[in-house]
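Read the structure below first, then the notes.
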Amino acid sequence: MYGLEVNSNCFGCGICEEICPMDCIRTDAEEKPYLAFDECWYCGACEKECPAGALKIQIPFLIC
Amino acid sequence: MCFEELDIDLLIVGGGSAGTMAAIRAKEINPDCNVVIVEKAHIKRSGSITMGMDALNVMILPEKQTPREYAAVARDTCQGIADFGPSYTLAERSFDLLKKLENWGVFFPKDTCGDYQMLRIHMRGKFGVAMDEPDLKVMLWKRVGESGVVTYHRTTAVALLVEDEIVKGAVCLDLRTGKLRVVHAKTVILANGGAGRFGLPSSGYLFGTYDYPGNAGDAYSLAFQAGAKLTGMEYTASNTLIKDSNLPLLYITLTRGARLVNGFGEVLGEGAAHLKAEERIAELQRAGPLFIRMDHLPEEKIQEIEHVLFTTERPMQRRFWQQRKINFRTDPLELALTEIQLCGGHGISGMVVNRKAETTLDGLYAAGDAAAVPMQHLTGAFVFGQVAAESALGYMENKVFHKCRNNRLVKKTQADLDAFRDNSLAQVSPHDFEYKVRRTINEYVASPKNHYRLNRAMELMQGFHQELASKLIVNSTHDLGRAIEIRSIIECAYLSAAASNARQESRWGDRHKRTDFPDCDDVNWLKHIDVCRDKAFPSLKISFRAVE
Amino acid sequence: MKVSYMETDVLIIGGGSAGSMAAIRLKELNRDQKVTIFEKANIKFSGSIPRGMDALNIVTVPGINTAEDYIEAQNIACEGVLDEAPSYVMAKRSWELMKELQSWGVFFPTDKAGNYEVLKTTPKGRFTVTMREPNLKTILHDRFTKLGCTVVNHTMALQLLVDNGHVAGAVGFNIRTGELIVCHAKAVILSAGGTARFGLPENGYLYGNYDCPANTGDAYSLAYRAGAELTGLEYTLRYYIVKDINCPLLYITLTRGAKLLNAIGEEVGGDHPGIKNMFDEHYDKGLGYLRIRMSHLPVEKIEAVEDILFSTEKPVLQRYFEGKGVNFRNRDIELGPTDMYLCGGHGITGVVVDTGAASTVPGLYAAGDSANVNRGHLTGAFVFGQLAAESATEYIKGISSRQCDPAPYIAEITEKCQVMEENQGFVSIEEFEYKTRRTITDYLTPPKNEYKLSRAVEIMREMKKALPRHVKVSRTHDLWKAFEVENIIDCAILSATASMERKESRWGYWHHRADYPKTDPAYTKLLIVKRGSCDDDVTTRLREPDKSISLKGGNQQ
């Protein structure tokens with residue numbers, strides 16, 4: 001899925017999954033987050049909460 | 001069937017602005033009160049205000065204005081359909097609220113004379129106050145934690161427990177484990193928002209809504225199923241907003257000198273944020289699109305606007321403009337009408353409440369967008385969160401409570417969820433089903449309305465309601481959560497169509513425009529239209545209530 | 001990419017009604033000339049009429065009407081923006097066409113006296129003859145197959161080969177295998193339909209269009225890039241027909257006594273409600289959705305309607321109405337606005353052609369929805385298919401062969417495919433298409449204005465550039481869709497540009513401009529678009545319409 005960019009700072013803490021208001025972030029086998037559902041409201045909470053500054057959320061394609 | 005059971009004093013459904021404030025207030029009054037919040041997401045970042053907010057839209061400063069003045073403006077904004085009491089209470093307590101928030105560290109900018117910055121948002125008077133608090137939600141979350149409130153995250157209320165017409169708690173679903181959590185409570189406050197996810201946005205993206213898309217009308221649905229009265233469901237509100245995005249910057253810019261321009265380049269009302277919604281919409285249809293132009297503003301003003309937008313309310317705005325390659329200094333910002341929503345904060349829809357946040361059911365209170373306190377915005381969420389907590393605690397004093405004995409509702413809820421999970425006849429994804437429901441709302445529930453369309457709407461919604469459980473493919477608890485939301489959307493659409501059909505006149509411009517009854521009729525229709533469950537959905541009772 | 005080569009005399013692009021008829025005619029004229037058809041799908045059931053049809057919309061029936069009558073009616077309908085000569089030729093040949101179809105076994109019902117059923121569907125005169133042929137496509141298919149035409153199925157033409165200003169064949173793309181096919185030809189007939197998949201339908205389903213969704217403006221795009229003139233791109237058409245499904249039952253029912261009602265039960269439009277009436281009710285008065293009521297009709301009439309709909313035109317319609325719980329005897333049928341599209345058969349969009357179906361580029365002919373023979377419907381497709389065949393047969397007599405080097409075309413296509421396969425694409429082609437088409441709907445739907453139209457051009461150019469980089473391609477199918485979306489984008493650019501140039505309002509809701517709300521007689525002309533120095537350079541000009549018929553016959557406009 002497009003939308004959530006994860007850089008190498010990510011250490012798999014899972015806070016983004018916990019905090020997402022739309023519950024659309026999940027972590028994969030390597031504990032890296034991805035958008036499991038095309039339901040992002042691009043509020044930026046995940047980016048803000050990430051302690052490692054590893055996330056960047058993009059505006060969904062259909063919107064921008 | 002196994003489920004977890006809790007026995008508590010006060011259950012708050014929804015940990016947004018109203019819910020967190022209610023929880024904090026309850027603990028202030030009585031630290032020993034056993035208070036629980038159930039929150040669909042995570043309260044640190046949930047609800048309509050995930051980050052911060054740039055203003056409190058309703059603020060009455062002592063010696064500058066009076067609550068009575070505000071209540072009059074609220075009534076006029078709603079063309080007479082607004083009860084005096086709740087608007088008055090809202091205005092009356094607004095300044096105390098400001099002081100409280102300031103004590104907590106929320107920043108309200110002052111000018112060089114030391115005065116708060118008042119903003120003209122309503123049709124007359126300056127009742128908005130500038131606030132610059134990007135961390136508002138975090139502050140609320142911290143206070144909730146510090147006060148000893150227990151929060152169950154990723155937990156959604158599926159049904160209210162009602163016995164002998166008294167609300168006694170709620171049946172909740174844990175969205176991670178898929179298990180039921182039955183919360184027995186002496187009182188319940190519904191603070192889980194309005195129906196932000198209602199009409200379909202023109203982008204076609206289901207979650208690209210103006211208001212928080214997690215608010216799918218769950219509060220209205222819970223209230224309706226429990227037998228509480230709802231009102232104003234015919235007020236189908238859309239907003240003029242940035243095209244394709246929920247970035248509400250009309251007031252932020254217009255109150256700072258930006259210009260509203262139409263598609264022919266004509267300027268409409270320089271610096272005036274008070275151009276009525278109807279006028280804007282008429283202009284959109286005649287000479288749209290509309291634009292906000294800021295290229296004439298001095299650099300400092302533009303920077304001020306950027307600061308407010310990009311730090312306070314929705315920091316993602318910066319990225320949106322970047323991706324669109326738009327610079328406020330040189331390019332116009334295109335506006336369009338959003339999809340429709342039902343909301344007590346931006347509109348007049350919601351549970352019928354009095355000035356004490358009491359609903360029409362014993363033991364049930366409502367605050368925020370879930371409650372019908374017309375145009376209350378964030379101030380209302382905060383004030384009535386407090387009021388609801390006060391009323392709830394007052395109710396609990398010296399009263400004997402009987403826990404809900406009957407397991408019938410729990411069994412029914414479990415059966416409903418099992419029906420969703422049964423995929424033997426399922427063929428349609430939650431995305432596709434929801435898309436269809438919501439484009440049907442656009443076609444049949446939104447203005448321009450007429451009795452043919454509204455009756456069709458009710459028919460179609462009944463059809464969706466019947467086939468939802470069997471047709472929907474539910475493969476996870478996430479899908480189950482979406483299924484419940486889709487059901488709420490369907491029920492709200494049905495109620496909205498029914499209420500619209502009952503109001504045989506046009507009122508509030510585009511928000512209830514009927515081509516079969518095109519005139520506003522104060523003689524016959526200057527009253528509230530309330531809806532209430534009869535036996536089971538779709539049977540309902542419509543009643544009329546005089547405006548207080 | 002694998003490339004194969006072939007040679008033919010006449011290459012037909014698009015095996016629908018016009019293409020099939022062209023193929024038949026070519027072989028009738030000269031059995032020895034080689035005829036090849038590129039068909040995007042499978043020619044047995046492809047195009048706007050995959051099975052059958054319930055009427056031949058334009059026939060000049062002796063004793064009932066004349067071709068001059070037809071021109072008069074068409075001038076009214078098109079508000080004067082009409083090249084009369086091609087329409088006249090079509091009308092003149094329509095009766096013979098009908099007789100020919102009859103001789104092939106196509107059924108036209110008659111009453112006891114032997115009269116055909118002729119219905120009124122134009123503002124003036126009666127020209128529509130009832131046809132009841134559920135196997136029309138099969139009849140055509142069997143004919144051209146027997147006559148020895150070569151059919152290349154699952155092949156979409158991506159580029160026309162142009163040799164010294166003459167069209168000399170095409171490069172096709174096999175939508176299943178991803179291979180390229182170069183077909184050298186002495187002449188090419190474009191009959192690939194209009195841009196039916198253009199705007200977004202309200203139901204959000206990418207393939208929920210009124211007309212055949214396989215028609216993605218390929219002919220317009222190919223012709224434009226080859227330097228041919230096109231016209232009518234500003235005629236952005238929407239019908240008002242059965243809601244959410246393309247079931248054309250307005251005339252079938254109204255001509256049998258059904259009533260058209262608005263939301264509050266008032267009858268709309270009298271005896272012959274036009275599209276304008278319906279749009280007025282829906283948009284101006286807010287009294288949509290309109291409905292067709294048949295419950296007052298005698299059972300035999302209702303059964304007649306059901307028979308036509310469910311057996312002739314689209315048998316699946318029965319299932320649709322069952323699914324919606326609609327029984328004509330007791331429920332109304334809901335109507336609503338369709339998606340927006342460009343079409344020569346229903347509208348006036350298409351490659352500019354003369355009375356011999358010749359475009360402005362030598363060797364290139366056009367017929368059917370691809371050609372501008374105003375609102376020619378099926379008759380136009382058939383007659384101009386024949387005319388194209390006749391003209392092409394003459395044209396190629398003087399030509400030995402053309403050897404156009406296809407290498408640069410192949411290189412361009414190959415490179416594009418490579419970019420798409422190797423990019424860091426993040427969005428599916430479906431989603432890209434959704435966004436393209438809802439943008440078209442946002443900015444091109446009337447009321448139009450300068451701002452919206454220029455934004456449309458801007459956005460569409462950006463999307464065209466973004467497509468190869470952003471779209472995640474994982475199968476040949478995705479590549480195919482990407483090529484179709486490119487054509488849709490091309491058509492949107494042409495449509496927005498033409499709409500901007502036509503600084504007036506005309507044709508009711510179809511080209512209504514809020515910034516120029518009145519009809520301006522200075523614009524009673526054809527607006528021609530043509531490629532300038534490069535694909536991005538869209539040139540336009542206004543041209544007087546051909547009035548040779550009305551001026552000659554003394555018919556005043």
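Convention: chains lettered A, B, ... in structure tokens order; per-chain residue numbering from 1; ligands numbered from 1 as shown.
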
(Q) Tell me as number ranges by chain which residues belonging to chain B come within 9 Å of chain C, counting only C-alpha atoms. (A) B: 202-204, 263-264, 285-289, 435-436, 439-440, 443-444, 447-453, 514-516

Q: Provide as number ranges by chain the residues of chain C at most 12 Å from chain A, counting only C-alpha atoms.
A: C: 424-439, 459, 463, 466, 470-472

Export of prior selection with N, CA, C and O atoms as a short mmCIF file (atom, residue, chain, number, x, y, z; two decimals), in the first residue's frame:
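That gives us out_5.cif:
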```cif
data_model
loop_
_atom_site.label_atom_id
_atom_site.label_comp_id
_atom_site.auth_asym_id
_atom_site.auth_seq_id
_atom_site.Cartn_x
_atom_site.Cartn_y
_atom_site.Cartn_z
N GLN C 424 8.66 2.91 -9.40
CA GLN C 424 8.33 2.65 -8.00
C GLN C 424 6.87 3.01 -7.80
O GLN C 424 6.52 3.80 -6.95
N GLY C 425 6.03 2.47 -8.67
CA GLY C 425 4.63 2.85 -8.65
C GLY C 425 3.95 2.49 -7.34
O GLY C 425 4.26 1.50 -6.70
N PHE C 426 3.02 3.32 -6.93
CA PHE C 426 2.38 3.09 -5.63
C PHE C 426 0.87 3.02 -5.72
O PHE C 426 0.20 2.82 -4.72
N VAL C 427 0.34 3.20 -6.91
CA VAL C 427 -1.12 3.21 -6.98
C VAL C 427 -1.57 2.26 -8.09
O VAL C 427 -0.87 2.09 -9.09
N SER C 428 -2.70 1.62 -7.89
CA SER C 428 -3.18 0.70 -8.92
C SER C 428 -3.76 1.50 -10.07
O SER C 428 -4.18 2.63 -9.90
N ILE C 429 -3.82 0.87 -11.24
CA ILE C 429 -4.37 1.59 -12.40
C ILE C 429 -5.86 1.87 -12.19
O ILE C 429 -6.37 2.88 -12.67
N GLU C 430 -6.54 1.01 -11.43
CA GLU C 430 -7.96 1.24 -11.15
C GLU C 430 -8.15 2.54 -10.39
O GLU C 430 -9.03 3.34 -10.67
N GLU C 431 -7.29 2.70 -9.39
CA GLU C 431 -7.41 3.90 -8.57
C GLU C 431 -7.04 5.14 -9.38
O GLU C 431 -7.66 6.18 -9.27
N PHE C 432 -6.02 5.00 -10.24
CA PHE C 432 -5.62 6.11 -11.08
C PHE C 432 -6.76 6.48 -12.02
O PHE C 432 -7.05 7.66 -12.24
N GLU C 433 -7.39 5.47 -12.56
CA GLU C 433 -8.51 5.75 -13.46
C GLU C 433 -9.65 6.43 -12.72
O GLU C 433 -10.28 7.36 -13.21
N TYR C 434 -9.93 5.93 -11.52
CA TYR C 434 -11.02 6.52 -10.73
C TYR C 434 -10.76 8.01 -10.56
O TYR C 434 -11.64 8.85 -10.79
N LYS C 435 -9.54 8.34 -10.19
CA LYS C 435 -9.23 9.74 -9.92
C LYS C 435 -9.30 10.56 -11.20
O LYS C 435 -9.82 11.68 -11.20
N THR C 436 -8.78 10.01 -12.29
CA THR C 436 -8.86 10.72 -13.57
C THR C 436 -10.30 11.02 -13.93
O THR C 436 -10.66 12.15 -14.28
N ARG C 437 -11.14 10.02 -13.80
CA ARG C 437 -12.49 10.19 -14.28
C ARG C 437 -13.37 11.01 -13.36
O ARG C 437 -14.29 11.69 -13.81
N ARG C 438 -13.09 10.99 -12.08
CA ARG C 438 -13.89 11.86 -11.24
C ARG C 438 -13.42 13.29 -11.40
O ARG C 438 -14.20 14.22 -11.29
N THR C 439 -12.14 13.49 -11.74
CA THR C 439 -11.66 14.84 -12.04
C THR C 439 -12.32 15.37 -13.30
O THR C 439 -12.74 16.53 -13.37
N ILE C 459 -4.62 19.81 -14.98
CA ILE C 459 -4.60 18.57 -14.18
C ILE C 459 -4.40 17.36 -15.08
O ILE C 459 -3.63 16.45 -14.77
N MET C 463 -1.57 14.54 -14.94
CA MET C 463 -1.89 13.12 -14.75
C MET C 463 -1.27 12.29 -15.85
O MET C 463 -0.80 11.18 -15.61
N ALA C 466 2.19 11.83 -14.89
CA ALA C 466 2.33 11.01 -13.68
C ALA C 466 2.04 9.54 -13.94
O ALA C 466 2.60 8.67 -13.27
N HIS C 470 3.64 6.62 -11.62
CA HIS C 470 2.94 6.31 -10.38
C HIS C 470 2.19 5.00 -10.39
O HIS C 470 1.85 4.47 -9.33
N VAL C 471 1.85 4.51 -11.57
CA VAL C 471 0.98 3.33 -11.60
C VAL C 471 1.78 2.05 -11.46
O VAL C 471 2.74 1.82 -12.19
N LYS C 472 1.34 1.23 -10.53
CA LYS C 472 2.00 -0.04 -10.30
C LYS C 472 1.46 -1.06 -11.29
O LYS C 472 0.28 -1.39 -11.27
#
```

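Contact shell of Asn7 (chain A) at 9 Å (only C-alpha atoms; same-chain neighbours under 3 positions omitted): A:Cys10, A:Gly53, A:Ala54, A:Leu55, A:Lys56.
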
Next, the residues of the selection above should be written as a CSV table (one decimal), in the first residue's frame with N, CA and C atoms.
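Below is the file that was written, part00.csv:
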```
chain,number,residue,atom,x,y,z
A,10,CYS,N,13.0,3.1,12.1
A,10,CYS,CA,12.0,2.4,12.8
A,10,CYS,C,12.6,1.2,13.5
A,53,GLY,N,11.0,9.1,14.7
A,53,GLY,CA,10.9,10.0,13.5
A,53,GLY,C,11.0,9.2,12.3
A,54,ALA,N,10.4,7.9,12.3
A,54,ALA,CA,10.6,7.0,11.2
A,54,ALA,C,9.5,7.1,10.2
A,55,LEU,N,8.4,7.8,10.5
A,55,LEU,CA,7.3,7.7,9.6
A,55,LEU,C,7.0,9.0,8.9
A,56,LYS,N,6.4,8.8,7.7
A,56,LYS,CA,5.9,10.0,7.0
A,56,LYS,C,4.6,9.5,6.3
```

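A straight line drawn from CA of Tyr70 (chain B) to CA of Met123 (chain B) is 10.8 Å long.
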
Residues of chain A within 8 Å of chain B, counting only C-alpha atoms, what are they? List them as an mmCIF file with all heavy atoms, in the first residue's frame.
```cif
data_model
loop_
_atom_site.group_PDB
_atom_site.id
_atom_site.type_symbol
_atom_site.label_atom_id
_atom_site.label_comp_id
_atom_site.auth_asym_id
_atom_site.auth_seq_id
_atom_site.Cartn_x
_atom_site.Cartn_y
_atom_site.Cartn_z
ATOM 1 N N GLU A 18 -0.758 1.325 17.746
ATOM 2 C CA GLU A 18 -1.600 1.520 18.917
ATOM 3 C C GLU A 18 -2.396 2.808 18.834
ATOM 4 O O GLU A 18 -3.521 2.900 19.301
ATOM 5 C CB GLU A 18 -0.689 1.556 20.137
ATOM 6 C CG GLU A 18 -1.316 1.062 21.404
ATOM 7 C CD GLU A 18 -0.372 1.261 22.574
ATOM 8 O OE1 GLU A 18 0.765 0.758 22.473
ATOM 9 O OE2 GLU A 18 -0.764 1.931 23.544
ATOM 10 N N ILE A 19 -1.793 3.839 18.221
ATOM 11 C CA ILE A 19 -2.340 5.179 18.344
ATOM 12 C C ILE A 19 -3.261 5.583 17.204
ATOM 13 O O ILE A 19 -4.031 6.531 17.339
ATOM 14 C CB ILE A 19 -1.153 6.179 18.444
ATOM 15 C CG1 ILE A 19 -1.524 7.353 19.315
ATOM 16 C CG2 ILE A 19 -0.719 6.684 17.101
ATOM 17 C CD1 ILE A 19 -1.608 6.968 20.737
ATOM 18 N N CYS A 20 -3.239 4.880 16.110
ATOM 19 C CA CYS A 20 -3.953 5.334 14.918
ATOM 20 C C CYS A 20 -5.449 5.481 15.162
ATOM 21 O O CYS A 20 -6.106 4.518 15.559
ATOM 22 C CB CYS A 20 -3.725 4.348 13.781
ATOM 23 S SG CYS A 20 -4.762 4.694 12.339
ATOM 24 N N PRO A 21 -6.045 6.656 14.928
ATOM 25 C CA PRO A 21 -7.474 6.846 15.173
ATOM 26 C C PRO A 21 -8.356 6.029 14.236
ATOM 27 O O PRO A 21 -9.523 5.826 14.527
ATOM 28 C CB PRO A 21 -7.707 8.325 14.907
ATOM 29 C CG PRO A 21 -6.383 8.951 14.846
ATOM 30 C CD PRO A 21 -5.399 7.905 14.500
ATOM 31 N N MET A 22 -7.826 5.600 13.126
ATOM 32 C CA MET A 22 -8.642 4.834 12.188
ATOM 33 C C MET A 22 -8.293 3.361 12.221
ATOM 34 O O MET A 22 -8.873 2.574 11.476
ATOM 35 C CB MET A 22 -8.456 5.361 10.759
ATOM 36 C CG MET A 22 -8.915 6.772 10.554
ATOM 37 S SD MET A 22 -10.563 7.078 11.226
ATOM 38 C CE MET A 22 -11.524 5.967 10.228
ATOM 39 N N ASP A 23 -7.349 2.992 13.101
ATOM 40 C CA ASP A 23 -7.002 1.581 13.256
ATOM 41 C C ASP A 23 -6.628 0.951 11.924
ATOM 42 O O ASP A 23 -7.009 -0.183 11.620
ATOM 43 C CB ASP A 23 -8.186 0.830 13.870
ATOM 44 C CG ASP A 23 -7.756 -0.516 14.440
ATOM 45 O OD1 ASP A 23 -6.580 -0.626 14.840
ATOM 46 O OD2 ASP A 23 -8.576 -1.444 14.451
ATOM 47 N N GLU A 39 -7.781 3.254 4.724
ATOM 48 C CA GLU A 39 -8.751 3.995 5.528
ATOM 49 C C GLU A 39 -8.095 5.138 6.299
ATOM 50 O O GLU A 39 -8.565 5.533 7.351
ATOM 51 C CB GLU A 39 -9.424 3.027 6.512
ATOM 52 C CG GLU A 39 -10.194 1.925 5.783
ATOM 53 C CD GLU A 39 -10.767 0.874 6.728
ATOM 54 O OE1 GLU A 39 -10.447 0.919 7.928
ATOM 55 O OE2 GLU A 39 -11.537 0.022 6.242
ATOM 56 N N CYS A 40 -7.008 5.648 5.769
ATOM 57 C CA CYS A 40 -6.261 6.666 6.483
ATOM 58 C C CYS A 40 -6.925 8.030 6.422
ATOM 59 O O CYS A 40 -7.399 8.435 5.354
ATOM 60 C CB CYS A 40 -4.866 6.744 5.868
ATOM 61 S SG CYS A 40 -3.886 8.145 6.381
ATOM 62 N N TRP A 41 -6.980 8.739 7.541
ATOM 63 C CA TRP A 41 -7.524 10.089 7.558
ATOM 64 C C TRP A 41 -6.434 11.140 7.560
ATOM 65 O O TRP A 41 -6.715 12.313 7.747
ATOM 66 C CB TRP A 41 -8.458 10.274 8.766
ATOM 67 C CG TRP A 41 -9.355 11.486 8.684
ATOM 68 C CD1 TRP A 41 -10.003 11.957 7.595
ATOM 69 C CD2 TRP A 41 -9.687 12.370 9.765
ATOM 70 N NE1 TRP A 41 -10.755 13.076 7.916
ATOM 71 C CE2 TRP A 41 -10.582 13.347 9.246
ATOM 72 C CE3 TRP A 41 -9.353 12.440 11.107
ATOM 73 C CZ2 TRP A 41 -11.124 14.370 10.026
ATOM 74 C CZ3 TRP A 41 -9.903 13.458 11.884
ATOM 75 C CH2 TRP A 41 -10.769 14.404 11.345
ATOM 76 N N TYR A 42 -5.208 10.695 7.343
ATOM 77 C CA TYR A 42 -4.019 11.548 7.235
ATOM 78 C C TYR A 42 -4.008 12.649 8.307
ATOM 79 O O TYR A 42 -3.715 13.809 8.017
ATOM 80 C CB TYR A 42 -3.869 12.138 5.820
ATOM 81 C CG TYR A 42 -5.157 12.580 5.180
ATOM 82 C CD1 TYR A 42 -5.514 13.921 5.154
ATOM 83 C CD2 TYR A 42 -6.021 11.655 4.588
ATOM 84 C CE1 TYR A 42 -6.690 14.324 4.574
ATOM 85 C CE2 TYR A 42 -7.202 12.059 4.022
ATOM 86 C CZ TYR A 42 -7.535 13.387 4.009
ATOM 87 O OH TYR A 42 -8.714 13.776 3.431
ATOM 88 N N CYS A 43 -4.285 12.245 9.526
ATOM 89 C CA CYS A 43 -4.257 13.218 10.613
ATOM 90 C C CYS A 43 -2.819 13.458 11.087
ATOM 91 O O CYS A 43 -2.535 14.463 11.700
ATOM 92 C CB CYS A 43 -5.115 12.752 11.778
ATOM 93 S SG CYS A 43 -4.496 11.270 12.563
ATOM 94 N N GLY A 44 -1.923 12.484 10.803
ATOM 95 C CA GLY A 44 -0.521 12.661 11.167
ATOM 96 C C GLY A 44 -0.173 12.226 12.569
ATOM 97 O O GLY A 44 0.964 12.433 13.015
ATOM 98 N N ALA A 45 -1.106 11.603 13.261
ATOM 99 C CA ALA A 45 -0.819 11.198 14.646
ATOM 100 C C ALA A 45 0.325 10.196 14.696
ATOM 101 O O ALA A 45 1.189 10.262 15.584
ATOM 102 C CB ALA A 45 -2.070 10.608 15.286
ATOM 103 N N GLN A 58 1.544 10.128 3.720
ATOM 104 C CA GLN A 58 1.207 10.959 2.574
ATOM 105 C C GLN A 58 -0.296 11.137 2.476
ATOM 106 O O GLN A 58 -1.053 10.303 2.950
ATOM 107 C CB GLN A 58 1.723 10.293 1.285
ATOM 108 C CG GLN A 58 3.230 10.229 1.201
ATOM 109 C CD GLN A 58 3.866 11.606 1.062
ATOM 110 O OE1 GLN A 58 3.180 12.628 1.041
ATOM 111 N NE2 GLN A 58 5.174 11.628 0.985
ATOM 112 N N ILE A 59 -0.697 12.206 1.819
ATOM 113 C CA ILE A 59 -2.128 12.396 1.559
ATOM 114 C C ILE A 59 -2.557 11.284 0.594
ATOM 115 O O ILE A 59 -1.867 11.017 -0.377
ATOM 116 C CB ILE A 59 -2.381 13.752 0.877
ATOM 117 C CG1 ILE A 59 -1.679 14.882 1.620
ATOM 118 C CG2 ILE A 59 -3.858 14.015 0.731
ATOM 119 C CD1 ILE A 59 -2.433 15.473 2.748
ATOM 120 N N LEU A 62 -6.312 9.493 -3.918
ATOM 121 C CA LEU A 62 -7.583 9.979 -4.458
ATOM 122 C C LEU A 62 -7.899 11.410 -4.037
ATOM 123 O O LEU A 62 -8.761 12.052 -4.611
ATOM 124 C CB LEU A 62 -8.734 9.064 -4.008
ATOM 125 C CG LEU A 62 -8.852 7.727 -4.729
ATOM 126 C CD1 LEU A 62 -10.037 6.942 -4.175
ATOM 127 C CD2 LEU A 62 -9.029 7.905 -6.217
ATOM 128 N N ILE A 63 -7.210 11.879 -3.003
ATOM 129 C CA ILE A 63 -7.521 13.199 -2.448
ATOM 130 C C ILE A 63 -6.664 14.311 -3.031
ATOM 131 O O ILE A 63 -7.147 15.389 -3.321
ATOM 132 C CB ILE A 63 -7.285 13.218 -0.915
ATOM 133 C CG1 ILE A 63 -8.132 12.170 -0.240
ATOM 134 C CG2 ILE A 63 -7.540 14.589 -0.346
ATOM 135 C CD1 ILE A 63 -9.554 12.559 -0.082
ATOM 136 N N CYS A 64 -5.370 14.045 -3.177
ATOM 137 C CA CYS A 64 -4.480 15.165 -3.437
ATOM 138 C C CYS A 64 -4.470 15.581 -4.899
ATOM 139 O O CYS A 64 -5.012 14.913 -5.746
ATOM 140 C CB CYS A 64 -3.077 14.823 -2.984
ATOM 141 S SG CYS A 64 -2.342 13.519 -3.944
#
```

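Excluding Glu100 (chain C) and any residue on its chain fewer than 2 positions from it, the residues at most 12 Å away by only C-alpha atoms are Met21, Ile24, Arg25, Arg93, Ser94, Trp95, Glu96, Leu97, Met98, Gln102, Ser103, Trp104, Gly105, Val106, Phe107, Phe108, Leu140, Phe382, Val383 and Gln386 of chain C.
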